[in-house]
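Structure below is structure-v1.cif: mmCIF, C-alpha atoms and all ligand atoms.
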```cif
data_protein
#
loop_
_atom_site.label_atom_id
_atom_site.label_comp_id
_atom_site.auth_asym_id
_atom_site.auth_seq_id
_atom_site.Cartn_x
_atom_site.Cartn_y
_atom_site.Cartn_z
CA MET A 1 -127.79 94.58 -106.57
CA THR A 2 -125.97 97.90 -106.64
CA GLN A 3 -126.97 100.35 -109.36
CA ILE A 4 -124.69 103.25 -110.06
CA TYR A 5 -124.68 106.00 -112.66
CA LYS A 6 -122.24 108.76 -113.53
CA LYS A 7 -123.25 112.38 -113.14
CA GLU A 8 -121.53 115.71 -113.65
CA PHE A 9 -121.30 118.00 -110.61
CA LYS A 10 -120.36 121.67 -110.49
CA CYS A 11 -118.18 122.43 -107.48
CA THR A 12 -119.90 125.05 -105.36
CA LEU A 13 -116.57 126.50 -104.25
CA CYS A 14 -114.58 126.81 -107.51
CA GLY A 15 -117.14 126.16 -110.28
CA ASN A 16 -115.14 123.27 -111.79
CA LEU A 17 -117.14 120.48 -113.44
CA SER A 18 -116.28 116.88 -112.60
CA THR A 19 -117.96 113.51 -112.96
CA HIS A 20 -118.81 111.36 -109.96
CA GLU A 21 -120.60 108.09 -109.44
CA VAL A 22 -123.97 108.17 -107.72
CA ILE A 23 -125.63 105.17 -106.08
CA ILE A 24 -129.23 104.68 -107.15
CA SER A 25 -129.78 101.54 -105.15
CA THR A 26 -127.87 98.94 -103.24
CA ASN A 27 -128.61 96.09 -100.89
CA THR A 28 -127.12 94.29 -97.94
CA LEU A 29 -126.91 90.57 -97.37
CA GLY A 30 -126.04 89.58 -93.85
CA TRP A 31 -125.41 91.43 -90.61
CA PRO A 32 -123.56 94.70 -90.17
CA ASP A 33 -120.36 94.95 -88.15
CA LEU A 34 -120.64 96.13 -84.56
CA ASP A 35 -119.64 99.65 -85.58
CA THR A 36 -122.61 99.54 -88.01
CA ARG A 37 -120.53 99.02 -91.17
CA PRO A 38 -122.99 97.41 -93.62
CA SER A 39 -122.40 94.04 -95.24
CA GLU A 40 -122.10 93.59 -99.00
CA MET A 41 -123.06 94.99 -101.43
CA ALA A 42 -123.45 98.35 -99.68
CA ARG A 43 -120.05 97.71 -98.08
CA SER A 44 -118.31 98.21 -101.42
CA THR A 45 -120.04 101.44 -102.40
CA MET A 46 -118.09 103.71 -100.03
CA TYR A 47 -116.18 105.42 -102.85
CA ALA A 48 -119.51 106.95 -103.92
CA TRP A 49 -120.32 108.33 -100.45
CA ILE A 50 -117.82 111.15 -100.79
CA GLN A 51 -116.79 113.38 -103.69
CA ARG A 52 -113.52 115.25 -104.15
CA CYS A 53 -113.30 118.24 -106.48
CA PRO A 54 -110.20 117.57 -108.62
CA SER A 55 -109.64 121.30 -108.98
CA CYS A 56 -109.86 122.84 -105.48
CA GLY A 57 -109.88 119.70 -103.31
CA TYR A 58 -113.27 120.35 -101.71
CA CYS A 59 -114.49 117.02 -100.27
CA ALA A 60 -118.18 116.52 -99.48
CA PRO A 61 -120.97 113.98 -100.06
CA ASP A 62 -122.19 116.42 -102.77
CA ILE A 63 -119.67 119.04 -103.90
CA SER A 64 -122.39 121.07 -105.65
CA GLU A 65 -123.83 121.94 -102.23
CA GLU A 66 -122.23 124.66 -100.20
CA VAL A 67 -121.53 124.01 -96.55
CA ALA A 68 -120.91 126.72 -93.97
CA LYS A 69 -117.23 127.55 -93.45
CA ALA A 70 -116.08 125.04 -96.12
CA ALA A 71 -114.50 127.74 -98.34
CA LYS A 72 -112.27 128.84 -95.48
CA VAL A 73 -111.47 125.38 -94.08
CA ILE A 74 -110.23 123.98 -97.40
CA GLN A 75 -107.58 126.71 -97.62
CA GLY A 76 -106.15 125.86 -94.22
CA ASN A 77 -102.89 123.94 -93.76
CA VAL A 78 -104.49 121.13 -91.77
CA TYR A 79 -106.96 120.46 -94.59
CA ARG A 80 -104.35 120.71 -97.39
CA GLU A 81 -102.04 118.28 -95.56
CA GLN A 82 -104.83 115.81 -94.88
CA LEU A 83 -105.97 115.93 -98.51
CA GLU A 84 -102.64 114.50 -99.72
CA ASN A 85 -101.50 112.64 -96.59
CA PRO A 86 -99.47 109.67 -97.90
CA ASP A 87 -100.10 107.68 -94.68
CA TYR A 88 -103.78 107.23 -95.56
CA PRO A 89 -105.57 105.78 -98.59
CA LYS A 90 -106.94 108.56 -100.85
CA LEU A 91 -110.55 107.67 -99.99
CA ALA A 92 -109.79 107.94 -96.26
CA ASN A 93 -108.24 111.39 -96.84
CA SER A 94 -111.42 112.55 -98.59
CA PHE A 95 -113.58 111.39 -95.66
CA LEU A 96 -111.20 112.99 -93.14
CA CYS A 97 -111.27 116.30 -95.03
CA TRP A 98 -115.07 116.26 -94.90
CA SER A 99 -114.77 115.43 -91.20
CA LEU A 100 -112.57 118.52 -90.68
CA ILE A 101 -115.19 120.75 -92.35
CA GLN A 102 -117.94 119.30 -90.16
CA GLU A 103 -115.84 119.62 -87.02
CA ILE A 104 -115.22 123.36 -87.60
CA SER A 105 -118.99 123.77 -87.99
CA GLU A 106 -119.43 121.89 -84.68
CA GLN A 107 -121.38 119.14 -86.40
CA PHE A 108 -119.65 116.56 -84.22
CA SER A 109 -121.91 113.63 -85.07
CA ASP A 110 -121.35 114.01 -88.85
CA ALA A 111 -117.66 114.70 -88.28
CA GLY A 112 -117.42 111.51 -86.20
CA TRP A 113 -119.16 109.38 -88.80
CA ALA A 114 -116.92 110.73 -91.57
CA SER A 115 -113.94 109.58 -89.46
CA VAL A 116 -115.52 106.15 -88.98
CA HIS A 117 -115.92 105.90 -92.77
CA ALA A 118 -112.28 106.91 -93.15
CA ALA A 119 -111.37 104.06 -90.76
CA TRP A 120 -113.29 101.58 -92.93
CA ALA A 121 -111.43 102.87 -96.02
CA CYS A 122 -108.18 102.20 -94.11
CA ASP A 123 -109.35 98.69 -93.13
CA ASP A 124 -109.94 97.90 -96.80
CA ARG A 125 -106.31 98.79 -97.58
CA ASP A 126 -104.94 97.04 -94.48
CA SER A 127 -103.71 100.39 -93.14
CA VAL A 128 -103.95 99.31 -89.50
CA LYS A 129 -102.15 102.29 -87.97
CA SER A 130 -104.14 104.87 -89.96
CA GLY A 131 -107.39 103.04 -89.20
CA LYS A 132 -106.60 103.27 -85.51
CA LEU A 133 -105.94 107.02 -85.76
CA CYS A 134 -109.27 107.49 -87.60
CA ARG A 135 -111.09 105.58 -84.83
CA MET A 136 -109.45 107.63 -82.09
CA ARG A 137 -110.53 110.77 -83.93
CA ALA A 138 -114.08 109.39 -84.34
CA ALA A 139 -114.32 108.51 -80.63
CA HIS A 140 -113.12 112.00 -79.68
CA LEU A 141 -115.73 113.60 -81.97
CA PHE A 142 -118.55 111.35 -80.72
CA LEU A 143 -117.66 112.21 -77.13
CA ARG A 144 -117.90 115.89 -78.06
CA ALA A 145 -121.25 115.18 -79.75
CA ARG A 146 -122.45 113.62 -76.48
CA GLU A 147 -121.28 116.66 -74.50
CA LYS A 148 -123.21 118.92 -76.87
CA GLY A 149 -126.31 116.73 -76.76
CA GLN A 150 -125.96 115.84 -80.46
CA LYS A 151 -127.21 112.34 -81.20
CA PHE A 152 -125.01 110.10 -83.34
CA ALA A 153 -127.13 106.93 -83.31
CA LYS A 154 -130.82 106.42 -83.90
CA GLY A 155 -131.74 104.52 -80.75
CA VAL A 156 -131.43 105.35 -77.08
CA GLY A 157 -128.15 106.38 -75.48
CA THR A 158 -127.02 102.79 -75.05
CA GLU A 159 -126.74 102.37 -78.82
CA GLU A 160 -124.40 105.33 -78.87
CA ALA A 161 -122.41 103.69 -76.09
CA LEU A 162 -122.21 100.48 -78.13
CA ILE A 163 -120.82 102.28 -81.18
CA LEU A 164 -118.36 104.21 -79.03
CA THR A 165 -117.27 101.06 -77.20
CA ASP A 166 -116.63 99.23 -80.47
CA ILE A 167 -114.69 102.13 -81.98
CA LEU A 168 -112.51 102.50 -78.85
CA ARG A 169 -111.89 98.75 -78.63
CA ARG A 170 -110.79 98.61 -82.26
CA ALA A 171 -108.47 101.55 -81.61
CA ASP A 172 -106.74 99.65 -78.72
CA GLN A 173 -108.27 102.00 -76.14
CA PHE A 174 -109.45 99.16 -73.88
CA GLU A 175 -109.71 101.09 -70.64
CA GLU A 176 -111.96 103.82 -72.06
CA ALA A 177 -113.96 101.22 -73.98
CA LEU A 178 -114.58 99.20 -70.81
CA THR A 179 -115.67 102.26 -68.82
CA ILE A 180 -118.27 103.26 -71.41
CA CYS A 181 -119.42 99.66 -71.91
CA GLU A 182 -119.92 98.98 -68.19
CA GLU A 183 -121.64 102.30 -67.64
CA ALA A 184 -124.09 101.53 -70.49
CA LEU A 185 -124.79 98.05 -69.09
CA THR A 186 -126.08 99.59 -65.86
CA LYS A 187 -128.49 101.84 -67.75
CA GLY A 188 -131.15 99.28 -68.61
CA ALA A 189 -130.40 98.81 -72.29
CA ASP A 190 -132.72 97.07 -74.71
CA GLU A 191 -132.11 93.28 -74.65
CA ASN A 192 -130.35 93.07 -78.02
CA VAL A 193 -128.13 96.06 -77.30
CA LYS A 194 -127.33 94.55 -73.92
CA LYS A 195 -126.20 91.32 -75.55
CA LEU A 196 -124.04 93.27 -77.97
CA LEU A 197 -122.54 95.22 -75.06
CA GLU A 198 -121.80 92.02 -73.17
CA HIS A 199 -120.13 90.64 -76.26
CA GLU A 200 -118.07 93.83 -76.51
CA LYS A 201 -117.04 93.43 -72.88
CA THR A 202 -115.73 89.94 -73.59
CA LEU A 203 -113.77 91.19 -76.59
CA ILE A 204 -112.31 94.07 -74.54
CA GLU A 205 -111.26 91.70 -71.76
CA GLU A 206 -109.55 89.53 -74.37
CA GLN A 207 -107.94 92.68 -75.82
CA ASP A 208 -109.31 91.68 -79.20
CA THR A 209 -109.20 94.51 -81.75
CA SER A 210 -110.59 92.56 -84.69
CA VAL A 211 -113.81 93.38 -86.48
CA ALA A 212 -116.92 91.90 -84.84
CA ASN A 213 -120.11 91.19 -86.70
CA GLN A 214 -123.58 91.58 -85.23
CA SER A 215 -124.53 88.17 -86.59
CA THR A 216 -122.42 86.55 -83.90
CA ILE A 217 -124.81 87.77 -81.27
CA LEU A 218 -127.88 89.60 -82.40
CA PHE A 219 -130.11 86.72 -83.26
CA ALA A 220 -132.57 86.68 -80.38
CA LYS A 221 -133.77 83.23 -81.32
CA VAL A 222 -130.26 81.92 -81.28
CA PHE A 223 -129.87 83.19 -77.74
CA GLN A 224 -133.08 81.55 -76.76
CA ARG A 225 -131.77 78.33 -78.22
CA MET A 226 -128.53 78.73 -76.32
CA GLU A 227 -130.37 79.19 -73.05
CA GLU A 228 -132.49 76.12 -73.73
CA LYS A 229 -129.37 74.14 -74.40
CA GLY A 230 -127.55 75.60 -71.41
CA ILE A 231 -124.78 77.00 -73.63
CA LYS A 232 -122.76 79.67 -71.83
CA LYS A 233 -120.40 80.66 -74.63
CA LYS A 234 -120.53 84.21 -75.96
CA VAL A 235 -118.28 83.98 -79.00
CA PHE A 236 -118.85 81.41 -81.72
CA THR A 237 -117.13 80.12 -84.79
CA LYS A 238 -118.98 80.71 -88.05
CA GLU A 239 -119.88 77.02 -88.25
CA GLU A 240 -121.29 76.88 -84.71
CA LEU A 241 -123.30 80.01 -85.30
CA HIS A 242 -124.60 78.72 -88.60
CA ALA A 243 -125.78 75.51 -86.91
CA LEU A 244 -127.51 77.38 -84.09
CA THR A 245 -129.15 79.82 -86.52
CA LYS A 246 -130.37 76.98 -88.66
CA GLU A 247 -131.84 75.10 -85.69
CA SER A 248 -133.65 78.24 -84.54
CA GLU A 249 -134.98 78.89 -88.02
CA ASP A 250 -136.19 75.31 -88.32
CA ASP A 251 -138.16 75.78 -85.10
CA SER A 252 -140.12 78.74 -86.39
ZN ZN B 301 -113.76 122.86 -106.52
#
```
Could you write out this file's structure as C-alpha cells?
Amino acid sequence: MTQIYKKEFKCTLCGNLSTHEVIISTNTLGWPDLDTRPSEMARSTMYAWIQRCPSCGYCAPDISEEVAKAAKVIQGNVYREQLENPDYPKLANSFLCWSLIQEISEQFSDAGWASVHAAWACDDRDSVKSGKLCRMRAAHLFLRAREKGQKFAKGVGTEEALILTDILRRADQFEEALTICEEALTKGADENVKKLLEHEKTLIEEQDTSVANQSTILFAKVFQRMEEKGIKKKVFTKEELHALTKESEDDS
C-alpha cells in the first residue's frame, strides 16, 4: 500500500513556501518494465518524485535542497521554455527541467534518469511523440554518462546496455539499439540479462516499440520449463506465460 503525507517545503532558491506530497512507503506487485519502470503501486507515485516551486519554477526531488548551478539554470531560456512547454504533460516538464539542471552539472546519469521519468509521464498521457523525444534525450545522456565513466545502473555494464537498448528501441532508434544490444551479448552477460537482451533483439527485429515487461522473460524457472518442453518461442501471450509460470511454481 502507498502511504503519502503532505509537507511544507521552503524553496532554497526563492524562499517561497509550498506544500508537496511525500511518499512514506509504497510497494510493487509484479515485474518492472524492461526500462525498469516499477509496477503498481509505485508506478502511480511519480508525481511525488519531483517538486516544482510554484513561485520561481525550480524543479527538484526536494526544492528545499540547493543544487549547484540551479539558480543560474532556472533563469535560462531553455529552462523557462521547457517549464511551460505545451507539447509535454506538466509532470514531464518538471522532470525535464530537473534533467536540464543535472545536465549542466554534468551529472549525466541523474539527468538521463530524469528524462526517462519524463518519458513515463508522457506514456501515461498517451503523448507518444513527446515520450519519444524524452527517450532520445535519455539515451543521449546515458551515452555521455558511459563516456564519462558514470554508472547509470547497479549491475555490470550489460545492465546499462539493456536499459539503453530498451530506451532506444522505444524511441524508434532500431539501428542504434541493435548495435548496443549485439555488442552487450558478446560481453558475457549474466544469464538473466542475456535473456532480456535476446528478447530485446527480437523486439528490435520486429520493429516493436511497445512497452515490454520483465515478467515475459525473467523467470529463470519458466525458461527451464521451456527448455524441458522444447519450446523455442521468445515472446508469449499473458495467458501462455501465466500457464508456464504456474507449472514452474507447482514444481517447486
Ligand atoms: Zn522557488
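Of the listed residues A:Arg169, A:Arg52, A:Lys6, A:Arg137, the one whose atoms come nearest to ligand ZN 301 (chain B) is A:Arg52, with distances taken using only C-alpha atoms and all ligand atoms.
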(message) Using all atoms listed in the file, which residues have at least one atom no more than 9 Å from ligand ZN 301 (chain B)? Output them as a ChimeraX atom specification.
(response) /A:10-18,52-59,63-64
(request) Could you give me, as a VMD selection string, the residues within 9 Å of Leu141 of chain A, counting only C-alpha atoms and dropping anything in the same chain fewer than 3 positions from it? (result) chain A and resid 103 108 to 113 115 136 to 138 144 to 146
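Near Ser210 of chain A, within 10 Å and counting all atoms listed in the file, sit Asp166, Arg169, Arg170, Ala171, Leu203, Gln207 and Asn213 of chain A, not including residues fewer than 3 positions from it in the same chain.
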(request) Please return, as a ChimeraX atom specification, all polymer residues that have at least one atom within 12 Å of the point (-109.8, 94.3, -77.1); use only C-alpha atoms and the file's own coordinate frame. (result) /A:165-178,199-212
(request) Considering all atoms listed in the file, return as a PyMOL selection string whatever protein or nucleic-acid residues lie within 7 Å of segment 118-129 of chain A, sequence-local ones (same chain, fewer than 5 positions apart) excluded. (result) chain A and resi 88-89+91-92+95-96+134-135
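One finds atom CA of Trp98 of chain A at 25.2 Å from atom CA of Thr28 of chain A.
Between atom CA of His20 of chain A and atom CA of Lys7 of chain A the interatomic distance comes to 5.6 Å.
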(message) What's the separation between atom CA of Ala139 of chain A and atom CA of Lys151 of chain A, in Å to one decimal place?
(response) 13.5 Å
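Proximity of A:Ser99, A:Thr36, A:Gln150, A:Thr179 to Leu83 of chain A, computed with all atoms listed in the file, is greatest for A:Ser99.
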Taking the partial coordinates given, rebuild segment 57-79 of chain A to contain N, CA and C atoms; return it as an mmCIF file, in the coordinates of the input.
```
data_model
loop_
_atom_site.group_PDB
_atom_site.id
_atom_site.type_symbol
_atom_site.label_atom_id
_atom_site.label_comp_id
_atom_site.auth_asym_id
_atom_site.auth_seq_id
_atom_site.Cartn_x
_atom_site.Cartn_y
_atom_site.Cartn_z
ATOM 1 N N GLY A 57 -110.062 120.644 -104.415
ATOM 2 C CA GLY A 57 -109.880 119.700 -103.310
ATOM 3 C C GLY A 57 -111.012 119.700 -102.297
ATOM 4 N N TYR A 58 -112.126 120.371 -102.627
ATOM 5 C CA TYR A 58 -113.270 120.350 -101.710
ATOM 6 C C TYR A 58 -113.820 118.913 -101.656
ATOM 7 N N CYS A 59 -113.953 118.369 -100.452
ATOM 8 C CA CYS A 59 -114.490 117.020 -100.270
ATOM 9 C C CYS A 59 -115.823 117.109 -99.538
ATOM 10 N N ALA A 60 -116.849 116.491 -100.092
ATOM 11 C CA ALA A 60 -118.180 116.520 -99.480
ATOM 12 C C ALA A 60 -119.023 115.409 -100.109
ATOM 13 N N PRO A 61 -120.096 115.001 -99.445
ATOM 14 C CA PRO A 61 -120.970 113.980 -100.060
ATOM 15 C C PRO A 61 -121.536 114.490 -101.392
ATOM 16 N N ASP A 62 -121.732 115.822 -101.511
ATOM 17 C CA ASP A 62 -122.190 116.420 -102.770
ATOM 18 C C ASP A 62 -121.484 117.767 -102.916
ATOM 19 N N ILE A 63 -120.488 117.810 -103.802
ATOM 20 C CA ILE A 63 -119.670 119.040 -103.900
ATOM 21 C C ILE A 63 -120.418 120.203 -104.540
ATOM 22 N N SER A 64 -121.627 119.944 -105.068
ATOM 23 C CA SER A 64 -122.390 121.070 -105.650
ATOM 24 C C SER A 64 -123.151 121.825 -104.557
ATOM 25 N N GLU A 65 -123.138 121.277 -103.334
ATOM 26 C CA GLU A 65 -123.830 121.940 -102.230
ATOM 27 C C GLU A 65 -122.842 122.649 -101.317
ATOM 28 N N GLU A 66 -123.140 123.895 -101.062
ATOM 29 C CA GLU A 66 -122.230 124.660 -100.200
ATOM 30 C C GLU A 66 -122.498 124.353 -98.724
ATOM 31 N N VAL A 67 -121.427 124.274 -97.990
ATOM 32 C CA VAL A 67 -121.530 124.010 -96.550
ATOM 33 C C VAL A 67 -120.842 125.163 -95.829
ATOM 34 N N ALA A 68 -121.463 125.601 -94.741
ATOM 35 C CA ALA A 68 -120.910 126.720 -93.970
ATOM 36 C C ALA A 68 -119.438 126.508 -93.654
ATOM 37 N N LYS A 69 -118.656 127.521 -93.807
ATOM 38 C CA LYS A 69 -117.230 127.550 -93.450
ATOM 39 C C LYS A 69 -116.315 126.691 -94.346
ATOM 40 N N ALA A 70 -116.897 125.937 -95.294
ATOM 41 C CA ALA A 70 -116.080 125.040 -96.120
ATOM 42 C C ALA A 70 -115.021 125.810 -96.916
ATOM 43 N N ALA A 71 -115.427 126.954 -97.502
ATOM 44 C CA ALA A 71 -114.500 127.740 -98.340
ATOM 45 C C ALA A 71 -113.239 128.103 -97.566
ATOM 46 N N LYS A 72 -113.418 128.445 -96.292
ATOM 47 C CA LYS A 72 -112.270 128.840 -95.480
ATOM 48 C C LYS A 72 -111.453 127.610 -95.049
ATOM 49 N N VAL A 73 -112.167 126.568 -94.601
ATOM 50 C CA VAL A 73 -111.470 125.380 -94.080
ATOM 51 C C VAL A 73 -110.554 124.762 -95.141
ATOM 52 N N ILE A 74 -111.031 124.693 -96.393
ATOM 53 C CA ILE A 74 -110.230 123.980 -97.400
ATOM 54 C C ILE A 74 -108.937 124.718 -97.777
ATOM 55 N N GLN A 75 -108.828 125.971 -97.355
ATOM 56 C CA GLN A 75 -107.580 126.710 -97.620
ATOM 57 C C GLN A 75 -106.561 126.528 -96.495
ATOM 58 N N GLY A 76 -107.029 125.991 -95.382
ATOM 59 C CA GLY A 76 -106.150 125.860 -94.220
ATOM 60 C C GLY A 76 -105.091 124.773 -94.399
ATOM 61 N N ASN A 77 -103.985 124.909 -93.670
ATOM 62 C CA ASN A 77 -102.890 123.940 -93.760
ATOM 63 C C ASN A 77 -103.292 122.536 -93.348
ATOM 64 N N VAL A 78 -104.090 122.455 -92.274
ATOM 65 C CA VAL A 78 -104.490 121.130 -91.770
ATOM 66 C C VAL A 78 -105.231 120.377 -92.871
ATOM 67 N N TYR A 79 -106.163 121.078 -93.523
ATOM 68 C CA TYR A 79 -106.960 120.460 -94.590
ATOM 69 C C TYR A 79 -106.063 120.064 -95.767
#
```
